[in-house]
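J.: Pasting data.pdb here (PDB, C-alpha atoms):
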ATOM      1  CA  MET A  20      20.241 -38.197   4.022
ATOM      2  CA  ILE A  21      20.525 -35.573   6.746
ATOM      3  CA  ILE A  22      20.677 -38.328   9.352
ATOM      4  CA  GLN A  23      23.328 -40.184   7.350
ATOM      5  CA  PHE A  24      25.400 -37.032   7.144
ATOM      6  CA  PHE A  25      25.381 -36.453  10.892
ATOM      7  CA  LEU A  26      26.291 -40.083  11.447
ATOM      8  CA  TYR A  27      29.503 -39.405   9.592
ATOM      9  CA  ILE A  28      30.418 -35.951  10.882
ATOM     10  CA  ALA A  29      29.904 -37.191  14.439
ATOM     11  CA  GLY A  30      32.537 -39.867  13.847
ATOM     12  CA  PHE A  31      29.982 -42.619  14.367
ATOM     13  CA  ALA A  32      30.042 -44.208  10.921
ATOM     14  CA  PHE A  33      31.011 -47.867  10.996
ATOM     15  CA  GLN A  34      33.908 -47.206  13.396
ATOM     16  CA  SER A  35      36.320 -47.730  10.486
ATOM     17  CA  ALA A  36      39.014 -45.105  11.072
ATOM     18  CA  ASP A  37      41.876 -47.592  11.459
ATOM     19  CA  GLU A  38      40.845 -49.533   8.389
ATOM     20  CA  GLU A  39      40.580 -46.388   6.294
ATOM     21  CA  ARG A  40      43.987 -45.147   7.398
ATOM     22  CA  GLU A  41      45.395 -48.394   6.057
ATOM     23  CA  TRP A  42      43.486 -47.833   2.820
ATOM     24  CA  MET A  43      45.073 -44.401   2.491
ATOM     25  CA  LYS A  44      48.526 -45.930   2.895
ATOM     26  CA  GLN A  45      47.703 -48.234  -0.008
ATOM     27  CA  ILE A  46      46.405 -45.316  -2.082
ATOM     28  CA  GLN A  47      49.559 -43.347  -1.323
ATOM     29  CA  SER A  48      51.474 -46.348  -2.651
ATOM     30  CA  GLY A  49      49.526 -46.168  -5.915
ATOM     31  CA  ASN A  50      46.943 -48.893  -5.347
ATOM     32  CA  LYS A  51      43.728 -47.745  -7.029
ATOM     33  CA  LEU A  52      41.754 -50.674  -5.610
ATOM     34  CA  TYR A  53      41.600 -48.890  -2.256
ATOM     35  CA  LEU A  54      40.427 -45.660  -3.844
ATOM     36  CA  SER A  55      37.533 -47.708  -5.199
ATOM     37  CA  LYS A  56      36.828 -48.937  -1.672
ATOM     38  CA  LEU A  57      36.677 -45.375  -0.384
ATOM     39  CA  TYR A  58      34.396 -44.391  -3.243
ATOM     40  CA  HIS A  59      32.043 -47.268  -2.543
ATOM     41  CA  ARG A  60      31.849 -46.360   1.144
ATOM     42  CA  TYR A  61      31.424 -42.610   0.855
ATOM     43  CA  HIS A  62      30.128 -41.577  -2.564
ATOM     44  CA  ARG A  63      26.492 -41.355  -1.519
ATOM     45  CA  ILE A  64      27.047 -39.316   1.617
ATOM     46  CA  LEU A  65      29.501 -36.969  -0.140
ATOM     47  CA  PHE A  66      27.131 -36.558  -3.050
ATOM     48  CA  GLY A  67      24.349 -35.574  -0.666
ATOM     49  CA  MET A  68      26.556 -32.949   0.937
ATOM     50  CA  ILE A  69      27.708 -31.536  -2.413
ATOM     51  CA  TYR A  70      24.164 -31.498  -3.764
ATOM     52  CA  ASN A  71      22.921 -29.529  -0.790
ATOM     53  CA  VAL A  72      25.456 -26.840  -1.602
ATOM     54  CA  LEU A  73      25.058 -26.782  -5.399
ATOM     55  CA  ARG A  74      21.409 -27.897  -5.734
ATOM     56  CA  LYS A  75      22.215 -29.212  -9.202
ATOM     57  CA  LYS A  76      22.271 -32.982  -9.691
ATOM     58  CA  GLU A  77      24.497 -33.214 -12.771
ATOM     59  CA  GLU A  78      27.018 -30.679 -11.475
ATOM     60  CA  SER A  79      27.081 -32.468  -8.120
ATOM     61  CA  GLU A  80      27.799 -35.813  -9.762
ATOM     62  CA  ASP A  81      30.627 -34.256 -11.794
ATOM     63  CA  LEU A  82      32.125 -32.592  -8.741
ATOM     64  CA  LEU A  83      31.919 -35.836  -6.773
ATOM     65  CA  GLN A  84      34.104 -37.519  -9.395
ATOM     66  CA  GLU A  85      36.541 -34.602  -9.238
ATOM     67  CA  VAL A  86      36.793 -34.945  -5.464
ATOM     68  CA  PHE A  87      37.910 -38.560  -5.726
ATOM     69  CA  VAL A  88      40.377 -37.676  -8.466
ATOM     70  CA  GLN A  89      41.746 -35.029  -6.129
ATOM     71  CA  ALA A  90      41.870 -37.553  -3.291
ATOM     72  CA  TRP A  91      43.998 -39.786  -5.510
ATOM     73  CA  GLU A  92      46.295 -37.002  -6.668
ATOM     74  CA  LYS A  93      46.709 -35.465  -3.205
ATOM     75  CA  ALA A  94      46.694 -38.620  -1.113
ATOM     76  CA  ASP A  95      50.183 -37.808   0.170
ATOM     77  CA  GLN A  96      48.749 -34.714   1.838
ATOM     78  CA  TYR A  97      46.615 -36.831   4.171
ATOM     79  CA  ASP A  98      47.960 -36.679   7.719
ATOM     80  CA  PRO A  99      46.264 -39.123  10.125
ATOM     81  CA  SER A 100      47.290 -36.975  13.087
ATOM     82  CA  ARG A 101      45.045 -34.186  11.804
ATOM     83  CA  GLY A 102      41.829 -36.175  11.377
ATOM     84  CA  THR A 103      40.060 -39.139   9.831
ATOM     85  CA  VAL A 104      40.088 -40.087   6.170
ATOM     86  CA  TYR A 105      36.438 -39.111   6.011
ATOM     87  CA  SER A 106      37.172 -35.623   7.331
ATOM     88  CA  PHE A 107      39.906 -35.374   4.673
ATOM     89  CA  LEU A 108      37.347 -36.184   1.963
ATOM     90  CA  VAL A 109      34.681 -33.917   3.450
ATOM     91  CA  THR A 110      37.052 -30.974   3.565
ATOM     92  CA  MET A 111      37.919 -31.409  -0.105
ATOM     93  CA  ALA A 112      34.284 -31.858  -1.112
ATOM     94  CA  ARG A 113      33.010 -28.853   0.835
ATOM     95  CA  ASN A 114      35.827 -26.595  -0.343
ATOM     96  CA  ARG A 115      35.308 -27.558  -3.976
ATOM     97  CA  ALA A 116      31.535 -27.129  -3.745
ATOM     98  CA  ILE A 117      31.856 -23.734  -2.072
ATOM     99  CA  ASP A 118      34.389 -22.623  -4.687
ATOM    100  CA  VAL A 119      31.888 -23.525  -7.400
ATOM    101  CA  THR A 120      29.069 -21.521  -5.793
ATOM    102  CA  ARG A 121      31.312 -18.480  -5.623
ATOM    103  CA  SER A 122      32.252 -18.640  -9.293
ATOM    104  CA  LYS A 123      30.677 -16.155 -11.701
ATOM    105  CA  SER A 124      29.524 -18.883 -14.092
ATOM    106  CA  TYR A 125      27.655 -20.710 -11.329
ATOM    107  CA  LYS A 126      25.908 -17.538 -10.174
ATOM    108  CA  ASN A 127      24.777 -16.863 -13.744
ATOM    109  CA  GLN A 128      23.500 -20.420 -14.124
ATOM    110  CA  LYS A 129      21.665 -20.217 -10.815
ATOM    111  CA  LYS A 130      19.626 -17.267 -12.054
ATOM    112  CA  GLU A 131      18.328 -19.421 -14.902
ATOM    113  CA  ASP A 132      17.996 -22.659 -12.973
ATOM    114  CA  HIS A 133      14.503 -24.147 -12.723
ATOM    115  CA  THR A 134      15.482 -27.492 -11.205
ATOM    116  CA  ILE A 135      13.103 -28.779  -8.544
ATOM    117  CA  ASN A 136      14.766 -28.283  -5.175
ATOM    118  CA  ASP A 137      14.482 -31.910  -4.120
ATOM    119  CA  PHE A 138      16.844 -33.081  -1.403
ATOM    120  CA  SER A 139      15.918 -36.686  -2.119
ATOM    121  CA  LEU A 140      17.935 -36.599  -5.337
ATOM    122  CA  GLU A 141      21.017 -38.683  -4.685
ATOM    123  CA  LEU A 142      22.993 -41.571  -6.116
ATOM    124  CA  THR A 143      20.949 -44.685  -5.457
ATOM    125  CA  HIS A 144      21.944 -47.001  -8.280
ATOM    126  CA  ASP A 145      23.759 -49.416  -5.962
ATOM    127  CA  ASN A 146      21.661 -51.717  -3.798
ATOM    128  CA  PRO A 147      22.328 -51.384  -0.063
ATOM    129  CA  ASN A 148      23.053 -54.505   1.928
ATOM    130  CA  PRO A 149      19.919 -55.338   4.011
ATOM    131  CA  HIS A 150      22.007 -55.857   7.138
ATOM    132  CA  GLU A 151      23.810 -52.527   6.643
ATOM    133  CA  GLN A 152      20.505 -50.782   5.996
ATOM    134  CA  MET A 153      18.988 -52.190   9.184
ATOM    135  CA  GLU A 154      22.060 -51.112  11.147
ATOM    136  CA  LEU A 155      21.908 -47.628   9.617
ATOM    137  CA  ASN A 156      18.207 -47.335  10.500
ATOM    138  CA  GLU A 157      18.969 -48.175  14.110
ATOM    139  CA  ARG A 158      21.783 -45.661  14.240
ATOM    140  CA  SER A 159      19.558 -43.078  12.578
ATOM    141  CA  LYS A 160      17.149 -43.297  15.498
ATOM    142  CA  LYS A 161      20.008 -42.556  17.875
ATOM    143  CA  VAL A 162      21.178 -39.626  15.778
ATOM    144  CA  ARG A 163      17.682 -38.125  15.647
ATOM    145  CA  LYS A 164      17.499 -38.379  19.412
ATOM    146  CA  ALA A 165      20.927 -36.772  19.780
ATOM    147  CA  LEU A 166      20.068 -33.949  17.366
ATOM    148  CA  ALA A 167      16.797 -33.306  19.176
ATOM    149  CA  SER A 168      18.700 -32.857  22.422
ATOM    150  CA  LEU A 169      20.830 -30.038  21.002
ATOM    151  CA  LYS A 170      19.834 -26.454  21.530
ATOM    152  CA  LYS A 171      18.021 -24.940  18.560
ATOM    153  CA  GLU A 172      20.872 -22.480  18.010
ATOM    154  CA  GLU A 173      23.432 -25.315  17.888
ATOM    155  CA  ARG A 174      21.414 -27.291  15.338
ATOM    156  CA  GLU A 175      20.930 -24.183  13.225
ATOM    157  CA  VAL A 176      24.617 -23.372  12.800
ATOM    158  CA  LEU A 177      25.476 -27.006  12.032
ATOM    159  CA  TYR A 178      22.783 -27.243   9.361
ATOM    160  CA  ILE A 179      23.763 -23.944   7.756
ATOM    161  CA  SER A 180      27.447 -24.847   7.756
ATOM    162  CA  TYR A 181      27.165 -28.305   6.274
ATOM    163  CA  PHE A 182      24.116 -27.952   4.046
ATOM    164  CA  GLN A 183      24.492 -24.401   2.767
ATOM    165  CA  GLY A 184      28.271 -24.457   2.656
ATOM    166  CA  LEU A 185      28.708 -21.214   4.562
ATOM    167  CA  SER A 186      31.806 -20.347   6.553
ATOM    168  CA  GLN A 187      31.547 -19.376  10.210
ATOM    169  CA  SER A 188      31.885 -15.680   9.355
ATOM    170  CA  GLU A 189      29.169 -16.013   6.705
ATOM    171  CA  ILE A 190      26.883 -17.745   9.212
ATOM    172  CA  ALA A 191      27.481 -14.880  11.628
ATOM    173  CA  SER A 192      26.492 -12.380   8.945
ATOM    174  CA  LYS A 193      23.474 -14.407   7.800
ATOM    175  CA  THR A 194      22.071 -14.891  11.302
ATOM    176  CA  GLY A 195      23.175 -11.592  12.821
ATOM    177  CA  THR A 196      25.128 -13.489  15.468
ATOM    178  CA  PRO A 197      28.611 -12.570  16.749
ATOM    179  CA  LEU A 198      31.330 -14.716  15.146
ATOM    180  CA  GLY A 199      32.584 -15.916  18.516
ATOM    181  CA  THR A 200      29.084 -17.129  19.380
ATOM    182  CA  VAL A 201      28.794 -19.020  16.089
ATOM    183  CA  LYS A 202      32.126 -20.752  16.700
ATOM    184  CA  TYR A 203      31.090 -21.657  20.239
ATOM    185  CA  ARG A 204      27.719 -23.066  19.157
ATOM    186  CA  MET A 205      29.281 -25.186  16.416
ATOM    187  CA  ARG A 206      31.941 -26.523  18.754
ATOM    188  CA  GLN A 207      29.468 -27.295  21.506
ATOM    189  CA  GLY A 208      27.035 -28.932  19.114
ATOM    190  CA  MET A 209      29.677 -31.255  17.685
ATOM    191  CA  ILE A 210      31.048 -32.135  21.123
ATOM    192  CA  LYS A 211      27.571 -33.007  22.374
ATOM    193  CA  LEU A 212      26.821 -35.118  19.310
ATOM    194  CA  ARG A 213      30.060 -37.066  19.608
ATOM    195  CA  ASP A 214      29.604 -37.657  23.335
ATOM    196  CA  MET A 215      25.985 -38.798  23.036
ATOM    197  CA  LEU A 216      26.651 -41.052  20.052
ATOM    198  CA  ALA A 217      29.710 -42.538  21.720
ATOM    199  CA  GLU A 218      27.562 -43.432  24.718
ATOM    200  CA  ALA A 219      24.916 -44.939  22.447
ATOM    201  CA  ALA A 220      27.547 -47.109  20.776
ATOM    202  CA  VAL A 221      28.602 -48.728  24.048
TER     203      VAL A 221
END
Any chance you could give the structure as structure tokens?

T.:
Amino acid sequence: MIIQFFLYIAGFAFQSADEEREWMKQIQSGNKLYLSKLYHRYHRILFGMIYNVLRKKEESEDLLQEVFVQAWEKADQYDPSRGTVYSFLVTMARNRAIDVTRSKSYKNQKKEDHTINDFSLELTHDNPNPHEQMELNERSKKVRKALASLKKEEREVLYISYFQGLSQSEIASKTGTPLGTVKYRMRQGMIKLRDMLAEAAV
């Protein structure tokens, strides 16, 4: 799941930006069929990201549904000039998940939580297409290679940001690193990933 996540945040997933922008136009026009298409494409990867923030399977599933409801209700706020449809969904999912972790009720629940901390828990009820799975496996190899080429400090801030849901200032506090350094490492890490994966796609 970690590999899948970096496939998406690096802008390498299925090279479908143009198609998804068209889907968003349809959603903005009130066509729920295209919301279903987005859900089918991204529910597993978004669930994995939410789960790694909340660490609670049922709450993560509920929040995932809320994210897509929000995507439907706020579709008009999507601006293609500011990023991809996936980044639009990721921003909503991360913000909602982080808001939950900061709530008093969640903190109280966490103290009593005895759920096994198993990152493999994810939505797997739909059967992946064998061709898509083979393609994903091949891309996963390229992502692993790209991640391995990053500096340890760059990998660290990316993992903490996307899998612990911490802001850049919180990462700086957690790691004892100046905020400017954290921002630089995140930016450099993402640039390197995009460049290397773009080359691998040629």

J.: Quick one: pull the distance between CA of Ser168 in chain A and CA of Tyr203 in chain A, Å, one decimal.

T.: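 Taking CA of Ser168 in chain A as the start and CA of Tyr203 in chain A as the end point, the length is 16.8 Å.
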
J.: Quick one: of A:Asp81, A:Ile46, A:Leu65, A:Ser188, who's nearest to Val109 in chain A, counting only C-alpha atoms?

T.: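 Distance minimum relative to Val109 in chain A lands on A:Leu65.
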
J.: Taking (38.4, -34.2, 7.5) in the file's coordinates as the center, which residues reach within 12 Å of it, counting all atoms listed in the file, put as a list in words?

T.: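 Selection result: Tyr27, Ile28, Ala29, Gly30, Ala36, Ala90, Gln96, Tyr97, Asp98, Pro99, Ser100, Arg101, Gly102, Thr103, Val104, Tyr105, Ser106, Phe107, Leu108, Val109, Thr110, Met111, Ala112, Arg113 and Asn114 of chain A.
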
J.: Take the residues that were just selected and, keeping C-alpha atoms, output them as an mmCIF file, in the frame of the given file.

T.:
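part-v5.cif written:
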data_model
loop_
_atom_site.group_PDB
_atom_site.id
_atom_site.type_symbol
_atom_site.label_atom_id
_atom_site.label_comp_id
_atom_site.auth_asym_id
_atom_site.auth_seq_id
_atom_site.Cartn_x
_atom_site.Cartn_y
_atom_site.Cartn_z
ATOM 1 C CA TYR A 27 29.503 -39.405 9.592
ATOM 2 C CA ILE A 28 30.418 -35.951 10.882
ATOM 3 C CA ALA A 29 29.904 -37.191 14.439
ATOM 4 C CA GLY A 30 32.537 -39.867 13.847
ATOM 5 C CA ALA A 36 39.014 -45.105 11.072
ATOM 6 C CA ALA A 90 41.870 -37.553 -3.291
ATOM 7 C CA GLN A 96 48.749 -34.714 1.838
ATOM 8 C CA TYR A 97 46.615 -36.831 4.171
ATOM 9 C CA ASP A 98 47.960 -36.679 7.719
ATOM 10 C CA PRO A 99 46.264 -39.123 10.125
ATOM 11 C CA SER A 100 47.290 -36.975 13.087
ATOM 12 C CA ARG A 101 45.045 -34.186 11.804
ATOM 13 C CA GLY A 102 41.829 -36.175 11.377
ATOM 14 C CA THR A 103 40.060 -39.139 9.831
ATOM 15 C CA VAL A 104 40.088 -40.087 6.170
ATOM 16 C CA TYR A 105 36.438 -39.111 6.011
ATOM 17 C CA SER A 106 37.172 -35.623 7.331
ATOM 18 C CA PHE A 107 39.906 -35.374 4.673
ATOM 19 C CA LEU A 108 37.347 -36.184 1.963
ATOM 20 C CA VAL A 109 34.681 -33.917 3.450
ATOM 21 C CA THR A 110 37.052 -30.974 3.565
ATOM 22 C CA MET A 111 37.919 -31.409 -0.105
ATOM 23 C CA ALA A 112 34.284 -31.858 -1.112
ATOM 24 C CA ARG A 113 33.010 -28.853 0.835
ATOM 25 C CA ASN A 114 35.827 -26.595 -0.343
#

J.: I want to know what sits within 7 Å of range 68-70 of chain A, based on all atoms listed in the file, with residues of the same chain fewer than 3 positions away left out; could you give that as a short mmCIF file (atom, residue, chain, number, x, y, z; two decimals) with C-alpha atoms, keeping the file's coordinate frame?

T.:
data_model
loop_
_atom_site.label_atom_id
_atom_site.label_comp_id
_atom_site.auth_asym_id
_atom_site.auth_seq_id
_atom_site.Cartn_x
_atom_site.Cartn_y
_atom_site.Cartn_z
CA ILE A 64 27.05 -39.32 1.62
CA LEU A 65 29.50 -36.97 -0.14
CA LEU A 73 25.06 -26.78 -5.40
CA ARG A 74 21.41 -27.90 -5.73
CA LYS A 75 22.22 -29.21 -9.20
CA LYS A 76 22.27 -32.98 -9.69
CA SER A 79 27.08 -32.47 -8.12
CA ALA A 112 34.28 -31.86 -1.11
CA ARG A 113 33.01 -28.85 0.84
CA ALA A 116 31.54 -27.13 -3.74
CA PHE A 182 24.12 -27.95 4.05
#

J.: Name the residues, using the chain letters and numbers of the file, that sit within 12 Å of (17.1, -20.7, 14.9) when counting all atoms listed in the file, and give them as a ChimeraX atom specification.

T.: /A:169-179,190,193-196,201,204

J.: Could you model N, CA and C atoms for range 107-122 of chain A and present them as a PDB file, keeping the file's coordinate frame?

T.:
ATOM      1  N   PHE A 107      39.052 -35.779   5.793  1.00  0.00           N
ATOM      2  CA  PHE A 107      39.906 -35.374   4.673  1.00  0.00           C
ATOM      3  C   PHE A 107      39.072 -35.239   3.402  1.00  0.00           C
ATOM      4  N   LEU A 108      38.204 -36.220   3.144  1.00  0.00           N
ATOM      5  CA  LEU A 108      37.347 -36.184   1.963  1.00  0.00           C
ATOM      6  C   LEU A 108      36.295 -35.082   2.067  1.00  0.00           C
ATOM      7  N   VAL A 109      35.706 -34.934   3.246  1.00  0.00           N
ATOM      8  CA  VAL A 109      34.681 -33.917   3.450  1.00  0.00           C
ATOM      9  C   VAL A 109      35.244 -32.520   3.222  1.00  0.00           C
ATOM     10  N   THR A 110      36.439 -32.287   3.732  1.00  0.00           N
ATOM     11  CA  THR A 110      37.052 -30.974   3.565  1.00  0.00           C
ATOM     12  C   THR A 110      37.246 -30.652   2.091  1.00  0.00           C
ATOM     13  N   MET A 111      37.736 -31.621   1.334  1.00  0.00           N
ATOM     14  CA  MET A 111      37.919 -31.409  -0.105  1.00  0.00           C
ATOM     15  C   MET A 111      36.586 -31.162  -0.793  1.00  0.00           C
ATOM     16  N   ALA A 112      35.588 -31.977  -0.462  1.00  0.00           N
ATOM     17  CA  ALA A 112      34.284 -31.858  -1.112  1.00  0.00           C
ATOM     18  C   ALA A 112      33.627 -30.515  -0.807  1.00  0.00           C
ATOM     19  N   ARG A 113      33.629 -30.123   0.456  1.00  0.00           N
ATOM     20  CA  ARG A 113      33.010 -28.853   0.835  1.00  0.00           C
ATOM     21  C   ARG A 113      33.736 -27.673   0.208  1.00  0.00           C
ATOM     22  N   ASN A 114      35.065 -27.698   0.227  1.00  0.00           N
ATOM     23  CA  ASN A 114      35.827 -26.595  -0.343  1.00  0.00           C
ATOM     24  C   ASN A 114      35.580 -26.461  -1.840  1.00  0.00           C
ATOM     25  N   ARG A 115      35.544 -27.605  -2.535  1.00  0.00           N
ATOM     26  CA  ARG A 115      35.308 -27.558  -3.976  1.00  0.00           C
ATOM     27  C   ARG A 115      33.902 -27.061  -4.273  1.00  0.00           C
ATOM     28  N   ALA A 116      32.926 -27.537  -3.511  1.00  0.00           N
ATOM     29  CA  ALA A 116      31.535 -27.129  -3.745  1.00  0.00           C
ATOM     30  C   ALA A 116      31.363 -25.633  -3.478  1.00  0.00           C
ATOM     31  N   ILE A 117      31.967 -25.149  -2.404  1.00  0.00           N
ATOM     32  CA  ILE A 117      31.856 -23.734  -2.072  1.00  0.00           C
ATOM     33  C   ILE A 117      32.545 -22.879  -3.128  1.00  0.00           C
ATOM     34  N   ASP A 118      33.697 -23.350  -3.624  1.00  0.00           N
ATOM     35  CA  ASP A 118      34.389 -22.623  -4.687  1.00  0.00           C
ATOM     36  C   ASP A 118      33.503 -22.487  -5.920  1.00  0.00           C
ATOM     37  N   VAL A 119      32.774 -23.559  -6.234  1.00  0.00           N
ATOM     38  CA  VAL A 119      31.888 -23.525  -7.400  1.00  0.00           C
ATOM     39  C   VAL A 119      30.786 -22.492  -7.212  1.00  0.00           C
ATOM     40  N   THR A 120      30.173 -22.460  -6.021  1.00  0.00           N
ATOM     41  CA  THR A 120      29.069 -21.521  -5.793  1.00  0.00           C
ATOM     42  C   THR A 120      29.533 -20.073  -5.853  1.00  0.00           C
ATOM     43  N   ARG A 121      30.796 -19.847  -5.614  1.00  0.00           N
ATOM     44  CA  ARG A 121      31.312 -18.480  -5.623  1.00  0.00           C
ATOM     45  C   ARG A 121      31.802 -18.050  -7.002  1.00  0.00           C
ATOM     46  N   SER A 122      31.800 -18.979  -7.950  1.00  0.00           N
ATOM     47  CA  SER A 122      32.252 -18.640  -9.293  1.00  0.00           C
ATOM     48  C   SER A 122      31.176 -17.859 -10.040  1.00  0.00           C
TER      49      SER A 122
END
